[in-house]
Amino acid sequence: MTQPPASDKASTPDAAAGLEFREATKAYPGQGQPAVDRLSLSVPAGEICVLVGPSGCGKTTAMRMVNRMIDLTSGDILIDGRSVKERGPAELRREIGYAIQQIGLFPHITVSENIATVPKLLGWKPDRIRDRVDELLELVSLDPTETRDRYPAQLSGGQRQRIGVARALAADPPLMLMDEPFGAIDPINRERLQNEFLRLQSEIRKTIVFVTHDIDEAIKMGDRIAILKKGGVLAQFAPPAELLMFPADKFVEDFVGADRALKRLALQRVRDVDLWTAPVVRVGEAVAEVRAKLADSDLRYPLLVDAEQRPLGWLSEEALRGERVQEVLRSPAEPLLDLDDVLRDALSDLLQHETQYGPVVDANGRVAGVLSVEILGQALQVEPEAVPSGADLATRS
Amino acid sequence: MSVPLAQVQLRDRSGDTGCVSNNGFCPDWIADNYQRYQDPLIEHIVLTLISVAIGFAIAFSLALLAHRRRWLAGPIVQVTGILYTLPSLAVFFLLLPLTGRGRTTAVIALVSYTLLIIFRNVRTGLDNVPAETRDAARGVGLTDRQLLWRVELPLALPEIMAGLRIATTTTVGLATLAFFAGAGGLGGEIFADVNFKSNVVVAGGLCVLLAAALDLLILLAQRLATPWARAAR
């Protein structure tokens, strides 16, 4: 579906691997319910599959079966069609990126040695390792000369998390496992790291199994989301928009939350919907022309703009009394919305300003149209296939 | 019991006067006689180093064994614990019929005291490796052996070295009794003229200095081996 980027010097992608769970089951002796119960799903190469669910739903167990940190009781897991059971655990793991919430950097070696762990195990030449380390540090937005020789204890939480991701990526694995990788980061930095990671993923296009308990993170990160319930039973496996519009059962509906309409709005940007044309006028324009513009528009009041097409405010009736438009505003041009805003934020802005609509501007501040609550209502009617995933969203901005 | 445990030769100080005949602390006498402590000191050092080295080799191996097979830890602690509590003089006695007088007997006794200390510290060090570090190491593809030698042991190094320090200082002290087993050392000098303050101060003082020096040396080695430990803020 999506082509890997043509030229990418950072990591000539080793072609991502397809992943398939076939009735994968983990049962611990002495426990009535299995931890993971006949889980079947397949993840297309290059996509992020999020495993999400309440604690005890077996999501981490399911992930850890992929690299044999936990062995399957029955069923199978195939990477590019090959069973994980055929491979020695250590050898298998070296081909699968692994990042966990607690990061688990090795405190006794430097950042570059940490990142070089797997390449060293694979017997890469020192030169190649050195280049790869610098390349990865840049990829995760860290300065190589400054970071390379530090010890993990000398870094901030966010930096450590980036190193953890860099270490997981070191040998350019076609598949990555990430267990709540941003779970221990404060909300502001978490958001930043999520966005950064999505941008990174748009370059490297790995197949990723991403575990989280946070449905918002799942919706944001996933191309596809698998919701698990207690006992390791798959409740639904679908792209985020579909999950939000058509929850399979009561459990999924409750889990995605009562605000699922709002969550869906978070998956679309203002530029994705058909905006109203703004009746823009300048001071001194003929009132007759303005009246004609208004007749064509969904709006009752004209929007005054300056010479650069930047909105100044909504004109009042009084402004149109004479022959030429005068500068008599009935309200300021607020809220001012941006084409890149997600619809949920735009709606929030409208509600906060107690208004039904607001002007939308492009990156240069010029009017691009008007967004109204009505348009937002229509956006929720769109078929889920037409709604991008969070991962797509981050890629395009 | 008439077994000659040690042959204490009382030193002849008949020609001396004043401070020396009063058993006092005499700097002049010390300055004239310090050479006589040289050989016992070297004996003492050798005794200590041999004992600690053997003790470390045994205790370290036992700790690695118990790290793999955890059920072994209990029995090992019990046995080394009993060895640790045996009075050293009694051990010398018990060993005499088996190993005779001399260094071997002393070393066996001294080694048995280091075992518990070193074993415990190695175990603690290995147990204190954070679970997430271990998980990440296995997750990126280290084998059990690689995990042990590349991650767990380096991280346990501060505690292993701490154990080594305690074992070494303890052994320096206990080795003063080694002369009862006929192994020489500074203990022989102390007991040769236990009433003479100058003698006791010099021989005892050398023991203390030796313990301090070895302790410092190991600490230094630890510092050099674990630059990362100081990096933590």
# chains A, B, ... in the order shown; residues from 1 in each chain; ligands from 1
>>> closest_atom_pairs(of="chain A", to="chain B", cutoff="8 Å", atoms="only C-alpha atoms", output="CSV")
residue,atom,partner,partner_atom,distance
A:Asn67,CA,B:Gly139,CA,7.5
A:Met69,CA,B:Gly139,CA,6.8
A:Pro89,CA,B:Gly141,CA,7.4
A:Ala90,CA,B:Gly141,CA,4.3
A:Glu91,CA,B:Gly141,CA,6.4
A:Leu92,CA,B:Gly141,CA,7.4
A:Arg93,CA,B:Gly141,CA,4.7
A:Arg94,CA,B:Gly141,CA,4.8
A:Ile96,CA,B:Val140,CA,7.4
A:Gly97,CA,B:Val140,CA,6.9
A:Tyr98,CA,B:Val140,CA,6.0
A:Ala99,CA,B:Ala136,CA,7.5
A:Ile100,CA,B:Ala136,CA,7.4
A:Gln102,CA,B:Glu132,CA,6.1
A:Ile103,CA,B:Glu132,CA,7.1
A:Gly104,CA,B:Thr133,CA,4.2
A:Leu105,CA,B:Thr133,CA,6.2
A:Phe106,CA,B:Thr133,CA,6.2
A:Pro107,CA,B:Trp228,CA,7.0
A:His108,CA,B:Trp228,CA,5.2
A:Ile109,CA,B:Trp228,CA,6.9
A:Thr117,CA,B:Val140,CA,8.0
A:Val118,CA,B:Val140,CA,6.6
A:Leu121,CA,B:Leu142,CA,7.8
A:Tyr151,CA,B:Trp228,CA,6.4
A:Ala153,CA,B:Ala232,CA,4.8
A:Gln154,CA,B:Ala232,CA,6.1
A:Ala168,CA,B:Val140,CA,7.4
>>> write_last_selection(atoms="C-alpha atoms", output="PDB file, in the first residue's frame")
ATOM      1  CA  ASN A  67      10.918 -12.756  19.970  1.00  0.00           C
ATOM      2  CA  MET A  69      11.141 -13.923  25.448  1.00  0.00           C
ATOM      3  CA  PRO A  89      16.087 -17.330  20.650  1.00  0.00           C
ATOM      4  CA  ALA A  90      19.282 -15.239  20.742  1.00  0.00           C
ATOM      5  CA  GLU A  91      19.732 -15.302  16.958  1.00  0.00           C
ATOM      6  CA  LEU A  92      16.051 -14.473  16.425  1.00  0.00           C
ATOM      7  CA  ARG A  93      16.163 -11.534  18.843  1.00  0.00           C
ATOM      8  CA  ARG A  94      19.136  -9.949  17.114  1.00  0.00           C
ATOM      9  CA  ILE A  96      14.092  -7.924  15.996  1.00  0.00           C
ATOM     10  CA  GLY A  97      14.331  -4.459  17.521  1.00  0.00           C
ATOM     11  CA  TYR A  98      13.392  -4.386  21.206  1.00  0.00           C
ATOM     12  CA  ALA A  99      12.455  -1.307  23.220  1.00  0.00           C
ATOM     13  CA  ILE A 100      10.769  -1.354  26.627  1.00  0.00           C
ATOM     14  CA  GLN A 102      12.061   0.996  31.517  1.00  0.00           C
ATOM     15  CA  ILE A 103      14.461   1.322  28.584  1.00  0.00           C
ATOM     16  CA  GLY A 104      17.055  -0.915  30.207  1.00  0.00           C
ATOM     17  CA  LEU A 105      20.120   0.862  28.896  1.00  0.00           C
ATOM     18  CA  PHE A 106      23.336  -0.711  30.148  1.00  0.00           C
ATOM     19  CA  PRO A 107      24.557   1.745  32.811  1.00  0.00           C
ATOM     20  CA  HIS A 108      28.182   0.627  32.684  1.00  0.00           C
ATOM     21  CA  ILE A 109      28.866   1.421  29.025  1.00  0.00           C
ATOM     22  CA  THR A 117      25.313  -3.813  21.228  1.00  0.00           C
ATOM     23  CA  VAL A 118      23.592  -5.756  18.463  1.00  0.00           C
ATOM     24  CA  LEU A 121      27.019  -9.287  18.467  1.00  0.00           C
ATOM     25  CA  TYR A 151      26.959   7.251  30.230  1.00  0.00           C
ATOM     26  CA  ALA A 153      23.095   8.221  33.948  1.00  0.00           C
ATOM     27  CA  GLN A 154      24.215  11.533  32.444  1.00  0.00           C
ATOM     28  CA  ALA A 168      16.565  -1.148  18.959  1.00  0.00           C
TER      29      ALA A 168
END
>>> residues_around(residues="Ile76 (chain B)", least_positions_apart="3", cutoff="10 Å", atoms="only C-alpha atoms", output="PyMOL selection string")
chain B and resi 59+62-63+66+71-73+79-82+115-116+119-120
>>> residues_around(residues="Ser112 (chain B)", least_positions_apart="4", cutoff="9 Å", atoms="only C-alpha atoms", output="list in words")
Ser51, Gly55, Thr80, Leu83, Tyr84, Val107, Ile108 and Leu116 of chain B
>>> write_last_selection(atoms="C-alpha atoms", output="PDB file, in the first residue's frame")
ATOM      1  CA  SER B  51      44.585 -16.694  50.915  1.00  0.00           C
ATOM      2  CA  GLY B  55      39.246 -17.608  48.589  1.00  0.00           C
ATOM      3  CA  THR B  80      30.563 -21.093  54.428  1.00  0.00           C
ATOM      4  CA  LEU B  83      33.461 -22.065  58.365  1.00  0.00           C
ATOM      5  CA  TYR B  84      33.247 -18.356  59.098  1.00  0.00           C
ATOM      6  CA  VAL B 107      46.209 -20.654  54.168  1.00  0.00           C
ATOM      7  CA  ILE B 108      43.438 -23.242  54.478  1.00  0.00           C
ATOM      8  CA  LEU B 116      31.275 -16.267  53.111  1.00  0.00           C
TER       9      LEU B 116
END
>>> select_by_dssp(residues="region 174-259 of chain A", states="strand (DSSP E or B)", output="ChimeraX atom specification")
/A:175-179,207-212,224-229,233-238
>>> write_last_selection(atoms="N, CA and C atoms", output="PDB file, in the first residue's frame")
ATOM      1  N   LEU A 175      11.710  -5.785  11.878  1.00  0.00           N
ATOM      2  CA  LEU A 175      10.570  -5.829  12.800  1.00  0.00           C
ATOM      3  C   LEU A 175      11.000  -5.257  14.146  1.00  0.00           C
ATOM      4  N   MET A 176      10.118  -4.455  14.752  1.00  0.00           N
ATOM      5  CA  MET A 176      10.441  -3.873  16.061  1.00  0.00           C
ATOM      6  C   MET A 176       9.334  -4.187  17.057  1.00  0.00           C
ATOM      7  N   LEU A 177       9.745  -4.473  18.288  1.00  0.00           N
ATOM      8  CA  LEU A 177       8.782  -4.653  19.366  1.00  0.00           C
ATOM      9  C   LEU A 177       8.973  -3.500  20.344  1.00  0.00           C
ATOM     10  N   MET A 178       7.873  -2.833  20.675  1.00  0.00           N
ATOM     11  CA  MET A 178       7.990  -1.689  21.595  1.00  0.00           C
ATOM     12  C   MET A 178       6.918  -1.836  22.672  1.00  0.00           C
ATOM     13  N   ASP A 179       7.367  -1.972  23.918  1.00  0.00           N
ATOM     14  CA  ASP A 179       6.439  -2.152  25.026  1.00  0.00           C
ATOM     15  C   ASP A 179       6.332  -0.855  25.821  1.00  0.00           C
ATOM     16  N   THR A 207       8.071  -2.728  10.347  1.00  0.00           N
ATOM     17  CA  THR A 207       6.875  -3.328  10.918  1.00  0.00           C
ATOM     18  C   THR A 207       7.039  -3.235  12.425  1.00  0.00           C
ATOM     19  N   ILE A 208       6.019  -2.710  13.102  1.00  0.00           N
ATOM     20  CA  ILE A 208       6.187  -2.452  14.526  1.00  0.00           C
ATOM     21  C   ILE A 208       5.018  -3.020  15.319  1.00  0.00           C
ATOM     22  N   VAL A 209       5.351  -3.744  16.387  1.00  0.00           N
ATOM     23  CA  VAL A 209       4.326  -4.144  17.342  1.00  0.00           C
ATOM     24  C   VAL A 209       4.495  -3.230  18.552  1.00  0.00           C
ATOM     25  N   PHE A 210       3.460  -2.480  18.846  1.00  0.00           N
ATOM     26  CA  PHE A 210       3.542  -1.420  19.843  1.00  0.00           C
ATOM     27  C   PHE A 210       2.515  -1.732  20.932  1.00  0.00           C
ATOM     28  N   VAL A 211       2.992  -1.901  22.167  1.00  0.00           N
ATOM     29  CA  VAL A 211       2.078  -2.230  23.259  1.00  0.00           C
ATOM     30  C   VAL A 211       1.807  -0.989  24.098  1.00  0.00           C
ATOM     31  N   THR A 212       0.547  -0.739  24.429  1.00  0.00           N
ATOM     32  CA  THR A 212       0.224   0.369  25.327  1.00  0.00           C
ATOM     33  C   THR A 212      -1.084   0.046  26.041  1.00  0.00           C
ATOM     34  N   ARG A 224      -3.063  -0.001  12.651  1.00  0.00           N
ATOM     35  CA  ARG A 224      -4.086  -0.943  13.046  1.00  0.00           C
ATOM     36  C   ARG A 224      -3.989  -1.135  14.543  1.00  0.00           C
ATOM     37  N   ILE A 225      -5.164  -1.362  15.146  1.00  0.00           N
ATOM     38  CA  ILE A 225      -5.193  -1.533  16.595  1.00  0.00           C
ATOM     39  C   ILE A 225      -5.845  -2.868  16.926  1.00  0.00           C
ATOM     40  N   ALA A 226      -5.170  -3.639  17.777  1.00  0.00           N
ATOM     41  CA  ALA A 226      -5.777  -4.867  18.289  1.00  0.00           C
ATOM     42  C   ALA A 226      -6.166  -4.601  19.735  1.00  0.00           C
ATOM     43  N   ILE A 227      -7.462  -4.650  20.015  1.00  0.00           N
ATOM     44  CA  ILE A 227      -7.910  -4.481  21.396  1.00  0.00           C
ATOM     45  C   ILE A 227      -8.090  -5.857  22.007  1.00  0.00           C
ATOM     46  N   LEU A 228      -7.386  -6.079  23.132  1.00  0.00           N
ATOM     47  CA  LEU A 228      -7.480  -7.369  23.813  1.00  0.00           C
ATOM     48  C   LEU A 228      -8.259  -7.182  25.100  1.00  0.00           C
ATOM     49  N   LYS A 229      -8.992  -8.230  25.483  1.00  0.00           N
ATOM     50  CA  LYS A 229      -9.638  -8.189  26.798  1.00  0.00           C
ATOM     51  C   LYS A 229      -9.107  -9.293  27.679  1.00  0.00           C
ATOM     52  N   VAL A 233      -8.056 -12.434  24.967  1.00  0.00           N
ATOM     53  CA  VAL A 233      -8.962 -12.648  23.845  1.00  0.00           C
ATOM     54  C   VAL A 233      -9.007 -11.386  22.994  1.00  0.00           C
ATOM     55  N   LEU A 234      -8.882 -11.568  21.681  1.00  0.00           N
ATOM     56  CA  LEU A 234      -8.922 -10.425  20.775  1.00  0.00           C
ATOM     57  C   LEU A 234     -10.361  -9.930  20.654  1.00  0.00           C
ATOM     58  N   ALA A 235     -10.578  -8.660  21.017  1.00  0.00           N
ATOM     59  CA  ALA A 235     -11.936  -8.114  20.931  1.00  0.00           C
ATOM     60  C   ALA A 235     -12.187  -7.495  19.564  1.00  0.00           C
ATOM     61  N   GLN A 236     -11.194  -6.787  19.029  1.00  0.00           N
ATOM     62  CA  GLN A 236     -11.357  -6.201  17.701  1.00  0.00           C
ATOM     63  C   GLN A 236      -9.990  -5.863  17.136  1.00  0.00           C
ATOM     64  N   PHE A 237      -9.840  -5.993  15.836  1.00  0.00           N
ATOM     65  CA  PHE A 237      -8.594  -5.659  15.154  1.00  0.00           C
ATOM     66  C   PHE A 237      -8.967  -4.822  13.941  1.00  0.00           C
ATOM     67  N   ALA A 238      -8.666  -3.537  13.985  1.00  0.00           N
ATOM     68  CA  ALA A 238      -9.127  -2.643  12.922  1.00  0.00           C
ATOM     69  C   ALA A 238      -8.317  -1.362  12.920  1.00  0.00           C
TER      70      ALA A 238
END
>>> select_by_dssp(residues="region 131-323 of chain A", states="alpha helix (DSSP H)", output="MDAnalysis selection string")
chainID A and resid 131:139 144:147 157:169 187:204 215:221 240:245 250:256 260:265 287:296
>>> residues_around(residues="Asp215 (chain B)", least_positions_apart="3", cutoff="10 Å", atoms="only C-alpha atoms", output="list in words")
Met161, Ala162, Leu164, Arg165, Ile166, Ala167, Thr168, Thr169, Leu209, Leu210, Ala211, Ala212, Ile218, Leu219, Leu220 and Ala221 of chain B
>>> atom_distance(atom1="CA of Ser88 (chain B)", atom2="CA of Leu64 (chain B)")
27.3 Å
>>> atom_distance(atom1="CA of Ser156 (chain A)", atom2="CA of Arg190 (chain A)")
13.0 Å
>>> residues_around(residues="region 127-131 of chain A", least_positions_apart="4", cutoff="10 Å", atoms="only C-alpha atoms", output="JSON, numbers by chain")
{"A": [112, 113, 115, 116, 117, 118, 119, 120, 123, 135, 136, 148, 170, 171]}
>>> write_last_selection(atoms="N, CA and C atoms", output="short mmCIF file (atom, residue, chain, number, x, y, z; two decimals), in the first residue's frame")
data_model
loop_
_atom_site.label_atom_id
_atom_site.label_comp_id
_atom_site.auth_asym_id
_atom_site.auth_seq_id
_atom_site.Cartn_x
_atom_site.Cartn_y
_atom_site.Cartn_z
N SER A 112 27.32 5.19 22.91
CA SER A 112 27.65 4.56 21.63
C SER A 112 27.81 3.04 21.79
N GLU A 113 28.36 2.61 22.92
CA GLU A 113 28.49 1.16 23.14
C GLU A 113 27.12 0.51 23.32
N ILE A 115 24.32 1.55 21.91
CA ILE A 115 23.70 1.46 20.59
C ILE A 115 24.35 0.34 19.78
N ALA A 116 25.66 0.17 19.99
CA ALA A 116 26.41 -0.79 19.18
C ALA A 116 26.21 -2.25 19.62
N THR A 117 25.43 -2.46 20.67
CA THR A 117 25.31 -3.81 21.23
C THR A 117 25.05 -4.89 20.17
N VAL A 118 23.96 -4.70 19.42
CA VAL A 118 23.59 -5.76 18.46
C VAL A 118 24.57 -5.83 17.28
N PRO A 119 24.95 -4.70 16.67
CA PRO A 119 25.95 -4.78 15.60
C PRO A 119 27.21 -5.53 16.04
N LYS A 120 27.62 -5.31 17.30
CA LYS A 120 28.80 -6.01 17.80
C LYS A 120 28.54 -7.51 17.89
N GLY A 123 28.92 -9.03 14.73
CA GLY A 123 30.28 -9.05 14.21
C GLY A 123 30.57 -8.00 13.15
N GLU A 135 24.98 7.88 12.78
CA GLU A 135 23.81 8.00 11.93
C GLU A 135 22.52 7.86 12.76
N LEU A 136 22.53 6.88 13.68
CA LEU A 136 21.35 6.65 14.50
C LEU A 136 21.11 7.78 15.48
N ARG A 148 27.62 10.74 22.27
CA ARG A 148 28.33 9.50 22.03
C ARG A 148 29.00 8.89 23.27
N ALA A 170 19.47 -0.44 15.79
CA ALA A 170 20.88 -0.42 15.38
C ALA A 170 21.20 -1.31 14.19
N ALA A 171 20.70 -2.55 14.20
CA ALA A 171 21.07 -3.46 13.12
C ALA A 171 20.03 -3.44 12.01
#
>>> atom_distance(atom1="CA of Gln326 (chain A)", atom2="CA of Val367 (chain A)")
19.8 Å
>>> residues_around(residues="Asp39 (chain B)", least_positions_apart="2", cutoff="12 Å", atoms="only C-alpha atoms", output="ChimeraX atom specification")
/B:34-37,41-46,184-186,188-189,203
>>> write_last_selection(atoms="C-alpha atoms", output="JSON list (two decimals), in the first residue's frame")
[["chain", "number", "residue", "atom", "x", "y", "z"],
["B", 34, "TYR", "CA", 63.10, -1.85, 62.01],
["B", 35, "GLN", "CA", 64.86, -4.25, 59.60],
["B", 36, "ARG", "CA", 63.97, -7.26, 61.67],
["B", 37, "TYR", "CA", 60.30, -6.73, 60.70],
["B", 41, "LEU", "CA", 56.01, -8.33, 56.79],
["B", 42, "ILE", "CA", 56.69, -9.94, 53.42],
["B", 43, "GLU", "CA", 55.52, -13.28, 54.79],
["B", 44, "HIS", "CA", 52.39, -11.59, 56.03],
["B", 45, "ILE", "CA", 51.69, -10.02, 52.63],
["B", 46, "VAL", "CA", 52.23, -13.27, 50.77],
["B", 184, "GLY", "CA", 55.30, -16.82, 60.31],
["B", 185, "GLY", "CA", 54.05, -13.31, 59.59],
["B", 186, "LEU", "CA", 53.90, -10.26, 61.83],
["B", 188, "GLY", "CA", 55.27, -13.99, 65.33],
["B", 189, "GLU", "CA", 56.96, -10.66, 66.07],
["B", 203, "ALA", "CA", 54.48, -5.00, 64.43]]
>>> closest_residue(among="A:Gly53, A:Gly158, A:Pro173, A:Lys230", to="Asp37 (chain A)", atoms="only C-alpha atoms")
A:Lys230
>>> residues_around(residues="region 125-128 of chain B", least_positions_apart="3", cutoff="8 Å", atoms="only C-alpha atoms", output="mmCIF file with C-alpha atoms, in the first residue's frame")
data_model
loop_
_atom_site.group_PDB
_atom_site.id
_atom_site.type_symbol
_atom_site.label_atom_id
_atom_site.label_comp_id
_atom_site.auth_asym_id
_atom_site.auth_seq_id
_atom_site.Cartn_x
_atom_site.Cartn_y
_atom_site.Cartn_z
ATOM 1 C CA HIS B 67 23.429 -17.709 40.195
ATOM 2 C CA ASN B 121 28.929 -9.887 47.988
ATOM 3 C CA VAL B 122 29.159 -11.453 44.547
ATOM 4 C CA GLU B 152 25.773 -8.694 35.076
ATOM 5 C CA LEU B 153 29.358 -9.053 36.313
ATOM 6 C CA LEU B 155 27.445 -4.125 37.047
ATOM 7 C CA ALA B 156 28.155 -6.261 40.110
ATOM 8 C CA LEU B 157 31.779 -5.123 40.197
ATOM 9 C CA PRO B 158 31.403 -2.446 42.915
ATOM 10 C CA GLU B 159 29.911 -4.990 45.327
ATOM 11 C CA ILE B 160 32.374 -7.691 44.364
#
>>> decode(residues="region 92-108 of chain B", atoms="N, CA and C atoms", output="CSV table (one decimal), in the first residue's frame")
chain,number,residue,atom,x,y,z
B,92,PHE,N,43.3,-24.1,63.3
B,92,PHE,CA,44.8,-24.5,63.2
B,92,PHE,C,45.0,-25.8,63.9
B,93,PHE,N,44.5,-26.0,65.1
B,93,PHE,CA,44.6,-27.2,65.9
B,93,PHE,C,44.1,-28.4,65.1
B,94,LEU,N,42.9,-28.2,64.6
B,94,LEU,CA,42.2,-29.4,63.9
B,94,LEU,C,43.0,-29.8,62.7
B,95,LEU,N,43.6,-28.8,62.0
B,95,LEU,CA,44.3,-29.1,60.8
B,95,LEU,C,45.7,-29.7,61.0
B,96,LEU,N,46.3,-29.4,62.1
B,96,LEU,CA,47.7,-29.8,62.3
B,96,LEU,C,48.0,-31.3,62.0
B,97,PRO,N,47.1,-32.1,62.6
B,97,PRO,CA,47.4,-33.6,62.3
B,97,PRO,C,47.2,-33.9,60.8
B,98,LEU,N,46.5,-33.1,60.0
B,98,LEU,CA,46.3,-33.4,58.6
B,98,LEU,C,47.3,-32.7,57.7
B,99,THR,N,47.6,-31.5,58.0
B,99,THR,CA,48.4,-30.8,57.0
B,99,THR,C,49.7,-30.3,57.7
B,100,GLY,N,49.9,-30.6,58.9
B,100,GLY,CA,51.2,-30.3,59.6
B,100,GLY,C,51.4,-28.8,59.8
B,101,ARG,N,52.5,-28.4,60.4
B,101,ARG,CA,52.8,-27.0,60.6
B,101,ARG,C,53.3,-26.4,59.3
B,102,GLY,N,52.9,-25.1,59.1
B,102,GLY,CA,53.4,-24.4,58.0
B,102,GLY,C,52.3,-23.6,57.2
B,103,ARG,N,52.7,-23.1,56.1
B,103,ARG,CA,51.9,-22.2,55.4
B,103,ARG,C,50.5,-22.8,54.9
B,104,THR,N,50.6,-24.1,54.5
B,104,THR,CA,49.4,-24.7,54.0
B,104,THR,C,48.3,-24.6,55.0
B,105,THR,N,48.6,-25.0,56.2
B,105,THR,CA,47.6,-25.0,57.3
B,105,THR,C,47.0,-23.6,57.4
B,106,ALA,N,47.9,-22.6,57.5
B,106,ALA,CA,47.4,-21.2,57.7
B,106,ALA,C,46.5,-20.8,56.5
B,107,VAL,N,47.0,-21.1,55.3
B,107,VAL,CA,46.2,-20.7,54.2
B,107,VAL,C,44.8,-21.3,54.1
B,108,ILE,N,44.7,-22.6,54.5
B,108,ILE,CA,43.4,-23.2,54.5
B,108,ILE,C,42.5,-22.5,55.4
